[in-house]
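Novice: Take this structure, written in structure tokens, and hold onto it; I'll ask about it next.
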Amino acid sequence: MQNNLKDKTILIGITGGIAAYKICELIRMYKKAGANVKVVMTKNALNFVTKLTLETLSDNKVFVENFETQEREYSPEHISLCDEADIMVIAPASANTISKIATGICDNLLTSVVCAFNKPVIIAPAMNTNMWNNKIIQKNISILKENNYHILEPETGELACKTTGKGRLCDLNLIFEKTSEILGANAVGSGKLKGKKVLITAGGTIEKIDTVRYISNFSSGKMGIALADEAYKQGADVTLIITKPVETPYKTVYVQSAEEMQREVLKSGLKSDLVIMAAAVADFRAETVSKQKIKKTSADTMTLNLVKNPDILKNLCEQKKKTKNKKTVIVGFCAESENLLKNAKEKIAKKGCDYLIANDISKKDSGFSSDYNEVYILDKNGKKSHIERSLKTVIAQKILEKVFE
Ligand SMILES: Cc1cc2nc3c(=O)[nH]c(=O)nc-3n(C[C@H](O)[C@H](O)[C@H](O)COP(=O)(O)O)c2cc1C
């Protein structure tokens, strides 16, 4: 198996369960594979395994409470631990800690860290069978699954409480392999899109009125950036056309207006394997852009003449048709505040793209400017699939998976 763990930082969270002693062996396995291991544990976990043992095995300071001496003055521990780690593995995860994570409780260092952690988290529960079967615990497990935590279910066997049933910590090899699998999938340049050229647009276009004023919209560009980041992580040769300067490890082209964006898209779009137009292109622009700042006059109103902007998505699809291009998959986005699916169906037919990602921007907890989104993916044959509300990074993974299916 490929070693994806070398030089990666794995943050292990240990809670107060009898299986805590097994994590000493897991640390040795990670260390052997070349990973840097950090440990955060609950106070209750200290009853089962000592800090000294874990510090010796991990070769690092072990963290327990929120208010210990801060290693860095400028960053609290729950934030600095998050920054440093590539993945978090909570094992064994007690019923108590699972329930706290599922409800967003952050009353110790471990739960604060996991709440602030925006990278993959593996959770390996271990507990008495009745605790595991408890409906509330099962509900909390479902919440964690829905929120993209990787749950490694306990095994059935003999338990420390002298009973037999489901609840024993899963095999350490399984935790190790899952960690490697996730880090491998997230590794830059090693993924499924190696050799693919991907062009993505992002952000709201900026349509100038004069030297200081413009028309734009609330699009943050986060969805397009998440797609570009993900495509890059999976090994694609990525170009991001974006309306605000950003620092990325891949090529970006900074544009402002819809016309500038169209020029760039039509120049290189059909040389790509995939074009995703996640930018929010303004439908209209000012008919004339004043070279000077427009002065305020004594009039109470002002009329601004607007003209239609080019339809970049439609124009690229037409170019594809004209040139009989069979290679480029074109994906459009459609942001609607009402009749989402009806409008999306009409739009995919009108534009002629291969896929259309429809999102409802009337929702307060997803869409524009949010880190979250909830979308439907429509294809040109009328099929649709739904991606429930998730982080835009997760939505990006699912969109790429779908269009490269
Ligand atoms: C000997 C002993 C073994 C325990 N084993 C487990 C266990 O395997 N899983 C579990 O969820 N709780 C277990 N508990 C109960 C937890 O320690 C308890 O719920 C505690 O509040 C967990 O705290 P933490 O989640 O902050 O670590 C055990 C308690 C004792 C005394």
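Residue numbers start at 1 in each chain; chains themselves are named A, B, ... in the order of the structure tokens; ligands are numbered from 1 in the order shown.
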Please extract the residues of range 24-125 of chain A with a backbone DSSP assignment of helix (DSSP H, G or I) and present them as a PyMOL selection string.
Specialist: chain A and resi 24-32+44-47+51-58+77-84+95-103+109-116
Novice: Using C-alpha atoms, can you write the selected residues to a file as a PDB file, in the first residue's frame?
Specialist:
ATOM      1  CA  CYS A  24      -0.445   3.603  22.192  1.00  0.00           C
ATOM      2  CA  GLU A  25      -0.034   0.994  19.451  1.00  0.00           C
ATOM      3  CA  LEU A  26      -1.812   3.169  16.880  1.00  0.00           C
ATOM      4  CA  ILE A  27       0.633   6.004  17.614  1.00  0.00           C
ATOM      5  CA  ARG A  28       3.532   3.597  16.991  1.00  0.00           C
ATOM      6  CA  MET A  29       2.002   2.578  13.659  1.00  0.00           C
ATOM      7  CA  TYR A  30       1.624   6.199  12.524  1.00  0.00           C
ATOM      8  CA  LYS A  31       5.147   7.084  13.694  1.00  0.00           C
ATOM      9  CA  LYS A  32       6.586   4.078  11.854  1.00  0.00           C
ATOM     10  CA  ASN A  44     -11.265  11.291  31.768  1.00  0.00           C
ATOM     11  CA  ALA A  45      -8.899   9.625  29.313  1.00  0.00           C
ATOM     12  CA  LEU A  46      -6.088  10.284  31.800  1.00  0.00           C
ATOM     13  CA  ASN A  47      -7.665   7.591  33.995  1.00  0.00           C
ATOM     14  CA  LYS A  51       0.322  11.495  29.477  1.00  0.00           C
ATOM     15  CA  LEU A  52       3.899  10.317  29.957  1.00  0.00           C
ATOM     16  CA  THR A  53       3.331   7.186  27.867  1.00  0.00           C
ATOM     17  CA  LEU A  54       1.656   9.143  25.080  1.00  0.00           C
ATOM     18  CA  GLU A  55       4.300  11.889  25.098  1.00  0.00           C
ATOM     19  CA  THR A  56       7.070   9.303  24.915  1.00  0.00           C
ATOM     20  CA  LEU A  57       5.440   7.417  22.042  1.00  0.00           C
ATOM     21  CA  SER A  58       4.370  10.482  20.053  1.00  0.00           C
ATOM     22  CA  GLU A  77      -4.133  25.797  21.469  1.00  0.00           C
ATOM     23  CA  HIS A  78      -7.424  24.730  19.913  1.00  0.00           C
ATOM     24  CA  ILE A  79      -6.623  26.866  16.882  1.00  0.00           C
ATOM     25  CA  SER A  80      -2.907  26.099  16.562  1.00  0.00           C
ATOM     26  CA  LEU A  81      -3.538  22.337  16.837  1.00  0.00           C
ATOM     27  CA  CYS A  82      -6.107  22.649  14.035  1.00  0.00           C
ATOM     28  CA  ASP A  83      -3.708  24.582  11.826  1.00  0.00           C
ATOM     29  CA  GLU A  84      -0.916  22.061  12.228  1.00  0.00           C
ATOM     30  CA  ALA A  95     -20.560   8.054  23.914  1.00  0.00           C
ATOM     31  CA  ASN A  96     -20.159  11.272  25.878  1.00  0.00           C
ATOM     32  CA  THR A  97     -17.719  12.935  23.459  1.00  0.00           C
ATOM     33  CA  ILE A  98     -19.647  11.721  20.392  1.00  0.00           C
ATOM     34  CA  SER A  99     -22.777  13.395  21.746  1.00  0.00           C
ATOM     35  CA  LYS A 100     -20.918  16.604  22.516  1.00  0.00           C
ATOM     36  CA  ILE A 101     -19.456  16.798  19.008  1.00  0.00           C
ATOM     37  CA  ALA A 102     -22.851  16.107  17.447  1.00  0.00           C
ATOM     38  CA  THR A 103     -24.406  18.994  19.370  1.00  0.00           C
ATOM     39  CA  LEU A 109      -9.819  21.136  24.560  1.00  0.00           C
ATOM     40  CA  LEU A 110     -10.667  18.023  22.510  1.00  0.00           C
ATOM     41  CA  THR A 111     -14.227  19.101  21.706  1.00  0.00           C
ATOM     42  CA  SER A 112     -13.100  22.687  21.000  1.00  0.00           C
ATOM     43  CA  VAL A 113     -10.467  21.408  18.581  1.00  0.00           C
ATOM     44  CA  VAL A 114     -12.836  19.151  16.681  1.00  0.00           C
ATOM     45  CA  CYS A 115     -15.412  21.936  16.439  1.00  0.00           C
ATOM     46  CA  ALA A 116     -12.842  24.254  14.868  1.00  0.00           C
TER      47      ALA A 116
END
Novice: Select the residues contacting ligand 1 at a distance of at most 10 Å, based on only C-alpha atoms and all ligand atoms, then format the selection as a PyMOL selection string.
Specialist: chain A and resi 13-20+41-48+92-100+107-111+125-129+131-132+137+159-161+167-169
Novice: Near Gly352 in chain A, counting only C-alpha atoms, which residues have an atom at most 12 Å away, once you skip same-chain residues fewer than 6 positions from it, shown as a CSV table (one decimal) with N, CA, C and O atoms, in the first residue's frame?
Specialist:
chain,number,residue,atom,x,y,z
A,311,ASP,N,-23.7,36.4,-22.8
A,311,ASP,CA,-24.0,35.2,-22.0
A,311,ASP,C,-22.9,34.2,-22.2
A,311,ASP,O,-22.8,33.5,-23.2
A,312,ILE,N,-21.9,34.2,-21.3
A,312,ILE,CA,-20.7,33.5,-21.5
A,312,ILE,C,-20.9,32.0,-21.6
A,312,ILE,O,-20.4,31.3,-22.5
A,313,LEU,N,-21.8,31.4,-20.8
A,313,LEU,CA,-22.0,30.0,-20.8
A,313,LEU,C,-22.6,29.6,-22.1
A,313,LEU,O,-22.2,28.6,-22.8
A,314,LYS,N,-23.6,30.3,-22.6
A,314,LYS,CA,-24.3,30.0,-23.8
A,314,LYS,C,-23.3,30.1,-25.0
A,314,LYS,O,-23.3,29.3,-25.9
A,315,ASN,N,-22.5,31.2,-25.0
A,315,ASN,CA,-21.6,31.4,-26.1
A,315,ASN,C,-20.5,30.3,-26.1
A,315,ASN,O,-20.1,29.9,-27.2
A,316,LEU,N,-20.1,29.8,-25.0
A,316,LEU,CA,-19.1,28.8,-25.0
A,316,LEU,C,-19.7,27.5,-25.5
A,316,LEU,O,-19.1,26.7,-26.3
A,317,CYS,N,-20.9,27.2,-25.1
A,317,CYS,CA,-21.6,26.0,-25.6
A,317,CYS,C,-21.8,26.1,-27.1
A,317,CYS,O,-21.7,25.1,-27.8
A,318,GLU,N,-22.1,27.3,-27.6
A,318,GLU,CA,-22.3,27.4,-29.0
A,318,GLU,C,-21.0,27.2,-29.8
A,318,GLU,O,-21.0,26.5,-30.8
A,319,GLN,N,-19.9,27.7,-29.2
A,319,GLN,CA,-18.6,27.5,-29.8
A,319,GLN,C,-18.3,26.0,-29.8
A,319,GLN,O,-17.7,25.5,-30.8
A,320,LYS,N,-18.7,25.3,-28.8
A,320,LYS,CA,-18.4,23.9,-28.7
A,320,LYS,C,-19.2,23.1,-29.8
A,320,LYS,O,-18.6,22.3,-30.5
A,321,LYS,N,-20.4,23.5,-30.0
A,321,LYS,CA,-21.2,22.9,-31.0
A,321,LYS,C,-20.7,23.2,-32.4
A,321,LYS,O,-20.5,22.2,-33.2
A,329,VAL,N,-16.3,19.1,-21.3
A,329,VAL,CA,-17.5,19.0,-20.5
A,329,VAL,C,-17.8,20.4,-19.9
A,329,VAL,O,-16.9,21.0,-19.3
A,330,ILE,N,-18.9,20.9,-20.2
A,330,ILE,CA,-19.2,22.3,-19.7
A,330,ILE,C,-20.3,22.3,-18.6
A,330,ILE,O,-21.4,21.7,-18.8
A,331,VAL,N,-19.9,22.9,-17.5
A,331,VAL,CA,-20.8,22.9,-16.3
A,331,VAL,C,-21.2,24.4,-16.0
A,331,VAL,O,-20.3,25.2,-15.9
A,332,GLY,N,-22.5,24.6,-15.9
A,332,GLY,CA,-22.9,26.0,-15.6
A,332,GLY,C,-23.4,26.0,-14.1
A,332,GLY,O,-23.7,24.9,-13.6
A,344,ALA,N,-34.0,26.0,-13.4
A,344,ALA,CA,-32.8,25.3,-13.8
A,344,ALA,C,-33.0,24.4,-15.0
A,344,ALA,O,-32.1,24.4,-15.9
A,345,LYS,N,-34.1,23.7,-15.1
A,345,LYS,CA,-34.4,22.9,-16.2
A,345,LYS,C,-34.5,23.7,-17.5
A,345,LYS,O,-34.0,23.3,-18.6
A,346,GLU,N,-35.2,24.9,-17.4
A,346,GLU,CA,-35.3,25.8,-18.6
A,346,GLU,C,-33.9,26.2,-19.0
A,346,GLU,O,-33.5,26.3,-20.2
A,378,LEU,N,-28.1,18.9,-12.4
A,378,LEU,CA,-28.9,18.5,-13.5
A,378,LEU,C,-28.1,18.1,-14.6
A,378,LEU,O,-27.1,18.8,-14.9
A,379,ASP,N,-28.4,17.0,-15.4
A,379,ASP,CA,-27.6,16.8,-16.6
A,379,ASP,C,-28.5,17.0,-17.8
A,379,ASP,O,-29.7,17.2,-17.7
A,380,LYS,N,-27.8,17.0,-19.0
A,380,LYS,CA,-28.6,17.4,-20.2
A,380,LYS,C,-29.7,16.4,-20.6
A,380,LYS,O,-30.5,16.7,-21.4
A,381,ASN,N,-29.6,15.2,-20.0
A,381,ASN,CA,-30.6,14.2,-20.3
A,381,ASN,C,-31.8,14.2,-19.3
A,381,ASN,O,-32.7,13.4,-19.3
Novice: Kindly give the distance, in Å, that separates CA of Lys271 in chain A and CA of Asn359 in chain A, rounded to a single decimal.
Specialist: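 Computed distance, CA of Lys271 in chain A to CA of Asn359 in chain A, equals 27.5 Å.
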Novice: Taking 2 positions as the minimum chain separation for residues in the same chain, which residues sit within 9 Å of range 236-244 of chain A when counting only C-alpha atoms? Answer as a short mmCIF file (atom, residue, chain, number, x, y, z; two decimals) with N, CA and C atoms, in the first residue's frame.
Specialist:
data_model
loop_
_atom_site.label_atom_id
_atom_site.label_comp_id
_atom_site.auth_asym_id
_atom_site.auth_seq_id
_atom_site.Cartn_x
_atom_site.Cartn_y
_atom_site.Cartn_z
N GLY A 189 -1.88 16.55 -6.34
CA GLY A 189 -1.32 15.97 -7.55
C GLY A 189 -1.38 14.46 -7.65
N GLY A 191 -4.22 12.57 -7.35
CA GLY A 191 -5.58 12.07 -7.50
C GLY A 191 -6.01 11.67 -8.88
N LYS A 192 -7.32 11.59 -8.98
CA LYS A 192 -7.95 11.02 -10.18
C LYS A 192 -7.88 11.95 -11.37
N LEU A 193 -7.62 13.22 -11.18
CA LEU A 193 -7.69 14.16 -12.30
C LEU A 193 -6.33 14.49 -12.91
N LYS A 194 -5.36 13.64 -12.64
CA LYS A 194 -4.04 13.86 -13.21
C LYS A 194 -4.15 13.88 -14.73
N GLY A 195 -3.54 14.86 -15.36
CA GLY A 195 -3.56 14.93 -16.82
C GLY A 195 -4.78 15.66 -17.38
N LYS A 196 -5.71 16.05 -16.52
CA LYS A 196 -6.91 16.76 -16.99
C LYS A 196 -6.72 18.27 -16.88
N LYS A 197 -7.20 18.97 -17.89
CA LYS A 197 -7.15 20.44 -17.87
C LYS A 197 -8.51 20.96 -17.41
N VAL A 198 -8.51 21.77 -16.38
CA VAL A 198 -9.77 22.25 -15.82
C VAL A 198 -9.77 23.77 -15.74
N LEU A 199 -10.81 24.39 -16.28
CA LEU A 199 -10.95 25.85 -16.24
C LEU A 199 -12.17 26.19 -15.39
N ILE A 200 -11.98 27.08 -14.43
CA ILE A 200 -13.09 27.42 -13.52
C ILE A 200 -13.21 28.94 -13.42
N THR A 201 -14.45 29.43 -13.40
CA THR A 201 -14.63 30.87 -13.17
C THR A 201 -15.25 31.06 -11.79
N ALA A 202 -14.92 32.18 -11.15
CA ALA A 202 -15.43 32.41 -9.79
C ALA A 202 -15.59 33.90 -9.51
N GLY A 203 -16.54 34.19 -8.61
CA GLY A 203 -16.73 35.56 -8.13
C GLY A 203 -17.78 36.32 -8.92
N GLY A 204 -18.21 37.42 -8.37
CA GLY A 204 -19.19 38.27 -9.05
C GLY A 204 -18.46 39.24 -9.96
N THR A 205 -18.95 39.42 -11.19
CA THR A 205 -18.24 40.35 -12.09
C THR A 205 -18.44 41.79 -11.62
N ILE A 206 -17.48 42.62 -11.99
CA ILE A 206 -17.49 44.03 -11.58
C ILE A 206 -17.67 44.87 -12.84
N GLY A 221 -17.19 34.08 -4.44
CA GLY A 221 -16.21 33.29 -5.20
C GLY A 221 -15.81 32.01 -4.48
N GLY A 224 -16.41 28.61 -6.41
CA GLY A 224 -15.46 28.42 -7.52
C GLY A 224 -14.06 28.10 -6.99
N ILE A 225 -13.67 28.78 -5.93
CA ILE A 225 -12.34 28.52 -5.35
C ILE A 225 -12.28 27.10 -4.78
N ALA A 228 -11.81 24.78 -7.65
CA ALA A 228 -10.47 24.85 -8.20
C ALA A 228 -9.47 24.17 -7.26
N ASP A 229 -9.62 24.43 -5.95
CA ASP A 229 -8.73 23.80 -4.96
C ASP A 229 -8.84 22.28 -5.05
N GLU A 230 -10.09 21.80 -5.13
CA GLU A 230 -10.31 20.36 -5.14
C GLU A 230 -9.75 19.72 -6.42
N ALA A 231 -9.99 20.39 -7.56
CA ALA A 231 -9.48 19.85 -8.82
C ALA A 231 -7.95 19.81 -8.78
N TYR A 232 -7.35 20.84 -8.19
CA TYR A 232 -5.89 20.88 -8.07
C TYR A 232 -5.40 19.75 -7.17
N LYS A 233 -6.10 19.57 -6.02
CA LYS A 233 -5.73 18.50 -5.08
C LYS A 233 -5.75 17.15 -5.78
N GLN A 234 -6.71 17.00 -6.70
CA GLN A 234 -6.85 15.71 -7.39
C GLN A 234 -5.93 15.61 -8.60
N VAL A 246 -6.42 36.42 -5.69
CA VAL A 246 -6.26 35.39 -4.64
C VAL A 246 -4.91 34.70 -4.84
N TYR A 250 -2.06 27.22 -8.08
CA TYR A 250 -2.30 26.99 -9.50
C TYR A 250 -2.52 28.33 -10.20
N LYS A 251 -2.68 28.28 -11.54
CA LYS A 251 -2.76 29.51 -12.33
C LYS A 251 -4.09 30.26 -12.09
N THR A 252 -3.99 31.56 -11.86
CA THR A 252 -5.22 32.35 -11.79
C THR A 252 -5.15 33.49 -12.81
N VAL A 253 -6.29 33.85 -13.34
CA VAL A 253 -6.37 34.99 -14.25
C VAL A 253 -7.35 35.96 -13.61
N TYR A 254 -6.87 37.17 -13.33
CA TYR A 254 -7.72 38.14 -12.65
C TYR A 254 -8.46 38.98 -13.68
N VAL A 255 -9.79 38.99 -13.61
CA VAL A 255 -10.60 39.80 -14.53
C VAL A 255 -11.62 40.57 -13.69
N GLN A 256 -12.23 41.57 -14.31
CA GLN A 256 -13.28 42.29 -13.59
C GLN A 256 -14.66 42.11 -14.25
N SER A 257 -14.77 42.52 -15.49
CA SER A 257 -16.10 42.56 -16.11
C SER A 257 -16.46 41.24 -16.80
N MET A 261 -14.11 38.49 -18.73
CA MET A 261 -14.21 37.07 -18.37
C MET A 261 -14.51 36.24 -19.62
N GLU A 264 -11.45 35.58 -21.79
CA GLU A 264 -10.57 34.53 -21.25
C GLU A 264 -11.18 33.14 -21.42
N VAL A 265 -12.49 33.04 -21.17
CA VAL A 265 -13.14 31.72 -21.25
C VAL A 265 -13.13 31.21 -22.70
N ALA A 279 -18.83 31.50 -11.65
CA ALA A 279 -18.88 32.96 -11.43
C ALA A 279 -20.32 33.46 -11.53
#
Novice: Skip Asn339 in chain A itself and residues of its chain fewer than 3 positions away, then list as a list in words all residues within 12 Å of it, counting only C-alpha atoms.
Specialist: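 Residues near the query, excluding close chain neighbours: Cys334, Ala335, Glu336, Lys342, Asn343, Ala344, Lys345, Glu346, Lys347, Ala358, Asn359, Asp360, Ile361 and Ser362 of chain A.
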Novice: Here is a test: counting only C-alpha atoms, which residue of A:Lys38, A:Lys384, A:His150, A:Lys8 is nearest to Asp86 in chain A?
Specialist: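 Of A:Lys38, A:Lys384, A:His150, A:Lys8, the one nearest Asp86 in chain A is A:Lys8, counting only C-alpha atoms.
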Novice: Would you list the contacts of Lys6 in chain A as a short mmCIF file (atom, residue, chain, number, x, y, z; two decimals) with all heavy atoms, in the first residue's frame, taking every protein, DNA or RNA residue within 9 Å and counting only C-alpha atoms, but skipping same-chain residues closer than 2 positions in sequence?
Specialist:
data_model
loop_
_atom_site.label_atom_id
_atom_site.label_comp_id
_atom_site.auth_asym_id
_atom_site.auth_seq_id
_atom_site.Cartn_x
_atom_site.Cartn_y
_atom_site.Cartn_z
N ASN A 3 2.40 4.77 0.90
CA ASN A 3 2.47 5.46 2.20
C ASN A 3 2.09 6.93 2.03
O ASN A 3 2.87 7.74 1.56
CB ASN A 3 3.88 5.33 2.79
CG ASN A 3 3.97 6.00 4.14
OD1 ASN A 3 2.97 6.47 4.68
ND2 ASN A 3 5.17 6.06 4.69
N ASN A 4 0.86 7.24 2.41
CA ASN A 4 0.38 8.63 2.31
C ASN A 4 0.59 9.40 3.61
O ASN A 4 0.16 10.53 3.73
CB ASN A 4 -1.12 8.64 1.97
CG ASN A 4 -1.40 7.94 0.66
OD1 ASN A 4 -0.69 8.13 -0.30
ND2 ASN A 4 -2.43 7.11 0.65
N LYS A 8 3.05 13.79 7.32
CA LYS A 8 1.72 14.36 7.61
C LYS A 8 1.57 14.50 9.13
O LYS A 8 2.19 13.74 9.88
CB LYS A 8 0.61 13.43 7.08
CG LYS A 8 0.56 13.42 5.57
CD LYS A 8 -0.09 14.67 5.08
CE LYS A 8 0.12 15.04 3.66
NZ LYS A 8 0.18 14.04 2.66
N THR A 9 0.78 15.47 9.57
CA THR A 9 0.55 15.59 11.02
C THR A 9 -0.83 15.04 11.34
O THR A 9 -1.84 15.49 10.79
CB THR A 9 0.68 17.06 11.46
OG1 THR A 9 2.03 17.45 11.21
CG2 THR A 9 0.39 17.23 12.94
N TYR A 30 1.53 4.93 13.27
CA TYR A 30 1.62 6.20 12.52
C TYR A 30 3.06 6.69 12.47
O TYR A 30 3.54 7.15 11.45
CB TYR A 30 0.76 7.28 13.20
CG TYR A 30 -0.74 7.16 13.00
CD1 TYR A 30 -1.62 7.56 14.00
CD2 TYR A 30 -1.28 6.68 11.81
CE1 TYR A 30 -3.00 7.49 13.82
CE2 TYR A 30 -2.66 6.61 11.64
CZ TYR A 30 -3.51 7.01 12.64
OH TYR A 30 -4.87 6.94 12.46
N LYS A 31 3.76 6.59 13.62
CA LYS A 31 5.15 7.08 13.69
C LYS A 31 6.04 6.27 12.75
O LYS A 31 6.89 6.82 12.05
CB LYS A 31 5.69 6.98 15.12
CG LYS A 31 5.06 7.93 16.11
CD LYS A 31 5.44 9.36 15.91
CE LYS A 31 6.84 9.68 16.38
NZ LYS A 31 7.16 11.10 16.15
N ALA A 33 5.21 4.96 10.06
CA ALA A 33 4.93 5.36 8.66
C ALA A 33 5.47 6.76 8.36
O ALA A 33 5.27 7.28 7.26
CB ALA A 33 3.43 5.30 8.41
N GLY A 34 6.10 7.39 9.34
CA GLY A 34 6.74 8.69 9.10
C GLY A 34 5.87 9.89 9.41
O GLY A 34 6.20 11.02 9.05
N ALA A 35 4.74 9.65 10.10
CA ALA A 35 3.86 10.79 10.43
C ALA A 35 4.30 11.48 11.71
O ALA A 35 4.96 10.88 12.56
CB ALA A 35 2.42 10.29 10.58
N ASN A 36 3.93 12.75 11.82
CA ASN A 36 4.11 13.49 13.05
C ASN A 36 2.80 13.32 13.83
O ASN A 36 1.73 13.58 13.28
CB ASN A 36 4.37 14.96 12.69
CG ASN A 36 4.49 15.84 13.91
OD1 ASN A 36 4.91 15.39 14.97
ND2 ASN A 36 4.13 17.11 13.76
#
Novice: Excluding same-chain residues fewer than 2 positions from Asn309 in chain A, what lies within 8 Å of it counting only C-alpha atoms, as a list of chain:residue names?
Specialist: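 Residues meeting the cut-off are A:Ala258, A:Glu259, A:Ala282, A:Asp283, A:Phe284, A:Arg285, A:Val307, A:Asp311.
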Novice: Please run DSSP on the backbone and report, as a PyMOL selection string, all residues within range 7-126 of chain A that come out as strand (DSSP E or B).
Specialist: chain A and resi 9-14+36-41+62-63+87-93+121-125
Novice: State, in Å with one decimal place, the distance from CA of Leu11 in chain A to CA of Ile123 in chain A.
Specialist: 11.9 Å
